[in-house]
>>> print(open('target.txt').read())   # compact mmCIF, N, CA and C atoms
# COMPACT_ATOMS: atom_id res chain seq x y z
N MET A 1341 2.68 27.60 -2.75
CA MET A 1341 1.35 27.27 -3.24
C MET A 1341 1.31 25.84 -3.75
N MET A 1342 2.32 25.47 -4.54
CA MET A 1342 2.37 24.12 -5.10
C MET A 1342 2.55 23.08 -3.99
N PHE A 1343 3.36 23.43 -2.99
CA PHE A 1343 3.60 22.50 -1.88
C PHE A 1343 2.32 22.25 -1.11
N LYS A 1344 1.53 23.29 -0.89
CA LYS A 1344 0.27 23.12 -0.15
C LYS A 1344 -0.70 22.24 -0.93
N ARG A 1345 -0.73 22.41 -2.24
CA ARG A 1345 -1.63 21.60 -3.06
C ARG A 1345 -1.18 20.14 -3.05
N ASN A 1346 0.12 19.91 -3.16
CA ASN A 1346 0.63 18.53 -3.11
C ASN A 1346 0.40 17.91 -1.74
N LEU A 1347 0.58 18.70 -0.70
CA LEU A 1347 0.35 18.20 0.65
C LEU A 1347 -1.12 17.86 0.86
N THR A 1348 -2.00 18.70 0.34
CA THR A 1348 -3.43 18.43 0.46
C THR A 1348 -3.80 17.16 -0.29
N ALA A 1349 -3.25 16.98 -1.48
CA ALA A 1349 -3.53 15.77 -2.26
C ALA A 1349 -3.00 14.54 -1.54
N ALA A 1350 -1.81 14.64 -0.97
CA ALA A 1350 -1.24 13.49 -0.27
C ALA A 1350 -2.05 13.14 0.97
N LEU A 1351 -2.47 14.15 1.72
CA LEU A 1351 -3.28 13.89 2.92
C LEU A 1351 -4.65 13.32 2.55
N THR A 1352 -5.22 13.77 1.45
CA THR A 1352 -6.49 13.21 0.99
C THR A 1352 -6.32 11.75 0.61
N PHE A 1353 -5.23 11.43 -0.06
CA PHE A 1353 -4.95 10.05 -0.44
C PHE A 1353 -4.78 9.16 0.79
N VAL A 1354 -4.03 9.64 1.76
CA VAL A 1354 -3.80 8.86 2.99
C VAL A 1354 -5.11 8.66 3.74
N ALA A 1355 -5.92 9.70 3.82
CA ALA A 1355 -7.21 9.58 4.52
C ALA A 1355 -8.12 8.59 3.82
N THR A 1356 -8.12 8.58 2.49
CA THR A 1356 -8.93 7.63 1.73
C THR A 1356 -8.45 6.21 1.97
N MET A 1357 -7.16 6.00 1.97
CA MET A 1357 -6.63 4.66 2.20
C MET A 1357 -6.95 4.18 3.61
N LEU A 1358 -6.87 5.07 4.59
CA LEU A 1358 -7.22 4.69 5.95
C LEU A 1358 -8.70 4.38 6.08
N LEU A 1359 -9.52 5.07 5.30
CA LEU A 1359 -10.95 4.83 5.33
C LEU A 1359 -11.29 3.44 4.82
N PHE A 1360 -10.61 3.00 3.76
CA PHE A 1360 -10.90 1.71 3.16
C PHE A 1360 -10.08 0.57 3.76
N ALA A 1361 -9.10 0.86 4.60
CA ALA A 1361 -8.25 -0.19 5.16
C ALA A 1361 -9.03 -1.12 6.08
N SER A 1362 -9.96 -0.57 6.83
CA SER A 1362 -10.72 -1.41 7.76
C SER A 1362 -11.59 -2.41 7.02
N THR A 1363 -12.16 -2.02 5.90
CA THR A 1363 -12.98 -2.97 5.14
C THR A 1363 -12.12 -3.98 4.40
N ALA A 1364 -10.90 -3.61 4.06
CA ALA A 1364 -10.03 -4.54 3.35
C ALA A 1364 -9.59 -5.69 4.25
N PHE A 1365 -9.40 -5.41 5.53
CA PHE A 1365 -8.92 -6.43 6.44
C PHE A 1365 -10.02 -6.99 7.35
N ALA A 1366 -11.26 -6.64 7.08
CA ALA A 1366 -12.36 -7.14 7.90
C ALA A 1366 -12.59 -8.62 7.61
N ASP A 1367 -13.00 -9.34 8.64
CA ASP A 1367 -13.26 -10.77 8.49
C ASP A 1367 -14.76 -10.95 8.28
N GLY A 1368 -15.13 -11.11 7.03
CA GLY A 1368 -16.54 -11.26 6.71
C GLY A 1368 -16.98 -12.70 6.59
N GLY A 1369 -16.09 -13.62 6.73
CA GLY A 1369 -16.44 -15.03 6.58
C GLY A 1369 -16.28 -15.47 5.14
N ALA A 1370 -16.43 -16.76 4.90
CA ALA A 1370 -16.23 -17.32 3.57
C ALA A 1370 -17.35 -16.94 2.62
N ALA A 1371 -18.56 -16.73 3.13
CA ALA A 1371 -19.69 -16.43 2.26
C ALA A 1371 -19.55 -15.05 1.61
N ASP A 1372 -18.99 -14.09 2.32
CA ASP A 1372 -18.87 -12.74 1.80
C ASP A 1372 -17.58 -12.53 1.01
N ASN A 1373 -16.71 -13.51 0.97
CA ASN A 1373 -15.41 -13.31 0.36
C ASN A 1373 -15.51 -12.99 -1.12
N LYS A 1374 -16.33 -13.71 -1.88
CA LYS A 1374 -16.43 -13.46 -3.32
C LYS A 1374 -17.01 -12.07 -3.60
N GLU A 1375 -17.99 -11.68 -2.81
CA GLU A 1375 -18.59 -10.37 -3.02
C GLU A 1375 -17.63 -9.25 -2.65
N THR A 1376 -16.85 -9.47 -1.62
CA THR A 1376 -15.87 -8.46 -1.21
C THR A 1376 -14.77 -8.33 -2.26
N VAL A 1377 -14.31 -9.44 -2.76
CA VAL A 1377 -13.27 -9.40 -3.80
C VAL A 1377 -13.82 -8.75 -5.07
N ALA A 1378 -15.06 -9.07 -5.42
CA ALA A 1378 -15.66 -8.46 -6.60
C ALA A 1378 -15.80 -6.95 -6.42
N ALA A 1379 -16.19 -6.52 -5.23
CA ALA A 1379 -16.31 -5.08 -4.97
C ALA A 1379 -14.95 -4.40 -5.03
N ALA A 1380 -13.93 -5.05 -4.48
CA ALA A 1380 -12.59 -4.47 -4.51
C ALA A 1380 -12.06 -4.40 -5.94
N LEU A 1381 -12.35 -5.41 -6.76
CA LEU A 1381 -11.93 -5.39 -8.16
C LEU A 1381 -12.64 -4.27 -8.92
N ALA A 1382 -13.92 -4.11 -8.67
CA ALA A 1382 -14.66 -3.03 -9.34
C ALA A 1382 -14.12 -1.66 -8.94
N LEU A 1383 -13.85 -1.49 -7.67
CA LEU A 1383 -13.31 -0.22 -7.19
C LEU A 1383 -11.93 0.05 -7.77
N SER A 1384 -11.09 -0.97 -7.81
CA SER A 1384 -9.74 -0.77 -8.35
C SER A 1384 -9.76 -0.51 -9.84
N ALA A 1385 -10.66 -1.17 -10.57
CA ALA A 1385 -10.75 -0.92 -12.02
C ALA A 1385 -11.21 0.50 -12.28
N GLY A 1386 -12.21 0.94 -11.56
CA GLY A 1386 -12.71 2.30 -11.77
C GLY A 1386 -11.73 3.37 -11.37
N LEU A 1387 -11.14 3.22 -10.20
CA LEU A 1387 -10.17 4.22 -9.75
C LEU A 1387 -8.91 4.21 -10.61
N GLY A 1388 -8.45 3.03 -10.98
CA GLY A 1388 -7.26 2.94 -11.81
C GLY A 1388 -7.44 3.59 -13.17
N LEU A 1389 -8.59 3.34 -13.78
CA LEU A 1389 -8.85 3.94 -15.08
C LEU A 1389 -9.03 5.45 -14.97
N GLY A 1390 -9.70 5.88 -13.92
CA GLY A 1390 -9.87 7.33 -13.72
C GLY A 1390 -8.56 8.04 -13.49
N LEU A 1391 -7.70 7.47 -12.65
CA LEU A 1391 -6.40 8.09 -12.39
C LEU A 1391 -5.52 8.08 -13.64
N ALA A 1392 -5.59 7.00 -14.41
CA ALA A 1392 -4.80 6.95 -15.64
C ALA A 1392 -5.27 7.99 -16.64
N ALA A 1393 -6.58 8.19 -16.73
CA ALA A 1393 -7.11 9.18 -17.66
C ALA A 1393 -6.71 10.59 -17.23
N ILE A 1394 -6.76 10.86 -15.93
CA ILE A 1394 -6.36 12.18 -15.44
C ILE A 1394 -4.87 12.41 -15.69
N GLY A 1395 -4.06 11.41 -15.38
CA GLY A 1395 -2.62 11.55 -15.60
C GLY A 1395 -2.27 11.70 -17.07
N GLY A 1396 -2.94 10.92 -17.92
CA GLY A 1396 -2.70 11.04 -19.36
C GLY A 1396 -3.11 12.40 -19.90
N ALA A 1397 -4.23 12.91 -19.43
CA ALA A 1397 -4.68 14.23 -19.89
C ALA A 1397 -3.71 15.33 -19.45
N LEU A 1398 -3.22 15.24 -18.22
CA LEU A 1398 -2.26 16.24 -17.76
C LEU A 1398 -0.95 16.15 -18.55
N GLY A 1399 -0.50 14.93 -18.80
CA GLY A 1399 0.73 14.75 -19.58
C GLY A 1399 0.60 15.24 -21.01
N GLN A 1400 -0.54 14.94 -21.63
CA GLN A 1400 -0.74 15.40 -23.00
C GLN A 1400 -0.87 16.92 -23.05
N GLY A 1401 -1.49 17.50 -22.06
CA GLY A 1401 -1.61 18.95 -22.02
C GLY A 1401 -0.26 19.63 -21.89
N LYS A 1402 0.59 19.07 -21.03
CA LYS A 1402 1.93 19.65 -20.87
C LYS A 1402 2.77 19.48 -22.14
N ALA A 1403 2.66 18.31 -22.78
CA ALA A 1403 3.43 18.07 -24.02
C ALA A 1403 2.97 19.01 -25.13
N ALA A 1404 1.66 19.16 -25.28
CA ALA A 1404 1.15 20.04 -26.32
C ALA A 1404 1.51 21.49 -26.03
N ALA A 1405 1.43 21.90 -24.77
CA ALA A 1405 1.78 23.28 -24.41
C ALA A 1405 3.25 23.57 -24.71
N ALA A 1406 4.11 22.62 -24.39
CA ALA A 1406 5.54 22.82 -24.65
C ALA A 1406 5.82 22.89 -26.15
N ALA A 1407 5.16 22.03 -26.92
CA ALA A 1407 5.37 22.04 -28.37
C ALA A 1407 4.85 23.35 -28.98
N LEU A 1408 3.67 23.77 -28.56
CA LEU A 1408 3.12 25.02 -29.11
C LEU A 1408 3.95 26.23 -28.68
N GLU A 1409 4.50 26.20 -27.48
CA GLU A 1409 5.38 27.30 -27.06
C GLU A 1409 6.64 27.32 -27.91
N GLY A 1410 7.18 26.13 -28.20
CA GLY A 1410 8.37 26.07 -29.05
C GLY A 1410 8.08 26.55 -30.46
N ILE A 1411 6.90 26.21 -30.99
CA ILE A 1411 6.53 26.68 -32.33
C ILE A 1411 6.29 28.19 -32.31
N GLY A 1412 5.73 28.68 -31.21
CA GLY A 1412 5.50 30.13 -31.11
C GLY A 1412 6.80 30.91 -31.05
N ARG A 1413 7.80 30.35 -30.42
CA ARG A 1413 9.09 31.04 -30.34
C ARG A 1413 9.88 30.93 -31.64
N ASN A 1414 9.74 29.78 -32.32
CA ASN A 1414 10.47 29.57 -33.56
C ASN A 1414 9.54 28.87 -34.56
N PRO A 1415 8.77 29.62 -35.33
CA PRO A 1415 7.82 28.99 -36.25
C PRO A 1415 8.47 28.12 -37.32
N ALA A 1416 9.74 28.35 -37.61
CA ALA A 1416 10.41 27.53 -38.62
C ALA A 1416 10.67 26.11 -38.12
N ALA A 1417 10.61 25.92 -36.81
CA ALA A 1417 10.87 24.59 -36.24
C ALA A 1417 9.61 23.75 -36.11
N ALA A 1418 8.52 24.18 -36.70
CA ALA A 1418 7.25 23.47 -36.55
C ALA A 1418 7.34 22.06 -37.12
N LYS A 1419 8.02 21.89 -38.24
CA LYS A 1419 8.12 20.56 -38.86
C LYS A 1419 8.98 19.62 -38.01
N GLU A 1420 10.02 20.17 -37.36
CA GLU A 1420 10.88 19.34 -36.51
C GLU A 1420 10.20 18.96 -35.20
N LEU A 1421 9.26 19.77 -34.74
CA LEU A 1421 8.58 19.50 -33.47
C LEU A 1421 7.35 18.61 -33.65
N PHE A 1422 6.83 18.51 -34.86
CA PHE A 1422 5.58 17.80 -35.07
C PHE A 1422 5.72 16.30 -34.81
N THR A 1423 6.74 15.66 -35.35
CA THR A 1423 6.91 14.21 -35.19
C THR A 1423 7.18 13.81 -33.74
N PRO A 1424 8.11 14.48 -33.03
CA PRO A 1424 8.29 14.12 -31.62
C PRO A 1424 7.04 14.37 -30.77
N LEU A 1425 6.26 15.40 -31.12
CA LEU A 1425 5.03 15.67 -30.39
C LEU A 1425 4.04 14.52 -30.58
N LEU A 1426 3.84 14.09 -31.83
CA LEU A 1426 2.92 12.98 -32.07
C LEU A 1426 3.39 11.70 -31.40
N LEU A 1427 4.69 11.45 -31.43
CA LEU A 1427 5.24 10.25 -30.79
C LEU A 1427 5.01 10.29 -29.27
N SER A 1428 5.27 11.44 -28.67
CA SER A 1428 5.07 11.53 -27.22
C SER A 1428 3.59 11.43 -26.86
N LEU A 1429 2.70 12.01 -27.65
CA LEU A 1429 1.27 11.89 -27.38
C LEU A 1429 0.80 10.45 -27.52
N ALA A 1430 1.34 9.73 -28.50
CA ALA A 1430 0.96 8.33 -28.68
C ALA A 1430 1.45 7.48 -27.51
N LEU A 1431 2.65 7.75 -27.02
CA LEU A 1431 3.16 6.99 -25.88
C LEU A 1431 2.37 7.28 -24.61
N ILE A 1432 1.99 8.53 -24.42
CA ILE A 1432 1.19 8.87 -23.24
C ILE A 1432 -0.17 8.19 -23.33
N GLU A 1433 -0.78 8.22 -24.51
CA GLU A 1433 -2.10 7.62 -24.68
C GLU A 1433 -2.04 6.10 -24.55
N SER A 1434 -0.90 5.50 -24.92
CA SER A 1434 -0.79 4.04 -24.79
C SER A 1434 -0.85 3.61 -23.34
N LEU A 1435 -0.34 4.42 -22.43
CA LEU A 1435 -0.43 4.08 -21.01
C LEU A 1435 -1.87 4.07 -20.54
N VAL A 1436 -2.68 5.00 -21.03
CA VAL A 1436 -4.09 5.04 -20.67
C VAL A 1436 -4.81 3.82 -21.28
N ILE A 1437 -4.44 3.45 -22.49
CA ILE A 1437 -5.05 2.28 -23.12
C ILE A 1437 -4.68 1.01 -22.37
N TYR A 1438 -3.45 0.91 -21.87
CA TYR A 1438 -3.07 -0.24 -21.05
C TYR A 1438 -3.93 -0.31 -19.79
N SER A 1439 -4.21 0.84 -19.21
CA SER A 1439 -5.08 0.88 -18.04
C SER A 1439 -6.49 0.42 -18.40
N LEU A 1440 -6.97 0.78 -19.57
CA LEU A 1440 -8.28 0.34 -20.03
C LEU A 1440 -8.32 -1.17 -20.21
N VAL A 1441 -7.26 -1.73 -20.77
CA VAL A 1441 -7.19 -3.19 -20.94
C VAL A 1441 -7.20 -3.89 -19.58
N ILE A 1442 -6.46 -3.36 -18.62
CA ILE A 1442 -6.44 -3.95 -17.28
C ILE A 1442 -7.82 -3.84 -16.64
N ALA A 1443 -8.52 -2.72 -16.86
CA ALA A 1443 -9.87 -2.58 -16.32
C ALA A 1443 -10.80 -3.62 -16.93
N PHE A 1444 -10.67 -3.90 -18.23
CA PHE A 1444 -11.48 -4.93 -18.87
C PHE A 1444 -11.16 -6.31 -18.29
N ILE A 1445 -9.90 -6.58 -18.05
CA ILE A 1445 -9.51 -7.87 -17.47
C ILE A 1445 -10.10 -8.01 -16.07
N LEU A 1446 -10.03 -6.95 -15.27
CA LEU A 1446 -10.60 -6.99 -13.93
C LEU A 1446 -12.12 -7.15 -13.96
N SER A 1447 -12.78 -6.52 -14.92
CA SER A 1447 -14.24 -6.68 -15.01
C SER A 1447 -14.60 -8.10 -15.44
N GLY A 1448 -13.75 -8.74 -16.23
CA GLY A 1448 -13.97 -10.14 -16.56
C GLY A 1448 -13.83 -11.04 -15.33
N LYS A 1449 -12.89 -10.70 -14.47
CA LYS A 1449 -12.73 -11.46 -13.23
C LYS A 1449 -13.94 -11.27 -12.30
N ILE A 1450 -14.51 -10.07 -12.33
CA ILE A 1450 -15.71 -9.82 -11.53
C ILE A 1450 -16.85 -10.72 -12.00
N ASP A 1451 -17.01 -10.84 -13.33
CA ASP A 1451 -18.07 -11.69 -13.86
C ASP A 1451 -17.90 -13.14 -13.45
N THR A 1452 -16.66 -13.62 -13.44
CA THR A 1452 -16.43 -15.02 -13.05
C THR A 1452 -16.65 -15.23 -11.55
N LEU A 1453 -16.38 -14.20 -10.75
CA LEU A 1453 -16.59 -14.33 -9.30
C LEU A 1453 -18.08 -14.31 -8.94
N VAL A 1454 -18.84 -13.48 -9.61
CA VAL A 1454 -20.24 -13.32 -9.27
C VAL A 1454 -21.05 -14.53 -9.67
N LYS A 1455 -20.70 -15.18 -10.78
CA LYS A 1455 -21.47 -16.33 -11.28
C LYS A 1455 -21.21 -17.58 -10.52
>>> encode(input="target.txt", output="structure tokens")
Amino acid sequence: MMFKRNLTAALTFVATMLLFASTAFADGGAADNKETVAAALALSAGLGLGLAAIGGALGQGKAAAAALEGIGRNPAAAKELFTPLLLSLALIESLVIYSLVIAFILSGKIDTLVK
């Protein structure tokens, strides 16, 4: 079941990349270059931030589930599990924040290209 889901996700990713490959290598001339680059930057900022948010949410969910399962099995270990849980959640969230910063940088580049 897991293999089929991963295979479906991989095939969807490959199909999406093949769909956008023709526009990435199309020769639109010098006049369309700034608009094409701006569109590609906007697409990459949006997709990158979305994928980072999805990955961060999945990672935080797994970390919290593992910590709560450990506390459920051994309630006396709750104090020992709390600090590593918060540290791991902060590290996972920092990766999403880095993606947000990169999206802001890319949107700033879009503004300079359009003007």
>>> atom_distance(input="target.txt", atom1="atom C of A:Ala1443", atom2="atom N of A:Gly1386")
7.2 Å
>>> residues_around(input="target.txt", residues="A:Val1454", least_positions_apart="5", cutoff="12 Å", atoms="only C-alpha atoms", output="list in words")
Ala1371, Asp1372, Asn1373, Lys1374, Glu1375, Thr1376, Val1377, Ala1378, Ala1379, Leu1381, Ala1382, Ser1447, Gly1448 and Lys1449 of chain A
>>> closest_residue(input="target.txt", among="A:Leu1421, A:Ala1380, A:Leu1435, A:Ala1393", to="A:Glu1409", atoms="only C-alpha atoms")
A:Leu1421
>>> closest_residue(input="target.txt", among="A:Ala1406, A:Leu1347, A:Leu1429, A:Ile1437", to="A:Gly1390", atoms="only C-alpha atoms")
A:Ile1437
>>> atom_distance(input="target.txt", atom1="atom CA of A:Val1354", atom2="atom C of A:Leu1431")
28.3 Å
>>> atom_distance(input="target.txt", atom1="atom CA of A:Gly1410", atom2="atom CA of A:Ala1397")
19.9 Å
>>> closest_residue(input="target.txt", among="A:Ala1385, A:Leu1391, A:Ala1349, A:Leu1358", to="A:Ile1445", atoms="only C-alpha atoms")
A:Ala1385
>>> residues_around(input="target.txt", residues="stretch 1438-1440 of chain A", least_positions_apart="6", cutoff="7 Å", atoms="all atoms listed in the file", output="VMD selection string")
chain A and resid 1388 to 1389 1392
>>> closest_residue(input="target.txt", among="A:Met1357, A:Ala1407, A:Leu1383, A:Ala1350", to="A:Leu1425", atoms="all atoms listed in the file")
A:Ala1407
>>> axis_aligned_box(input="target.txt", around="stretch 1422-1436 of chain A", padding_each_side="4 Å", output="AutoDock Vina command-line options")
--center_x 1.7 --center_y 11.1 --center_z -27.9 --size_x 21.1 --size_y 22.9 --size_z 22.8
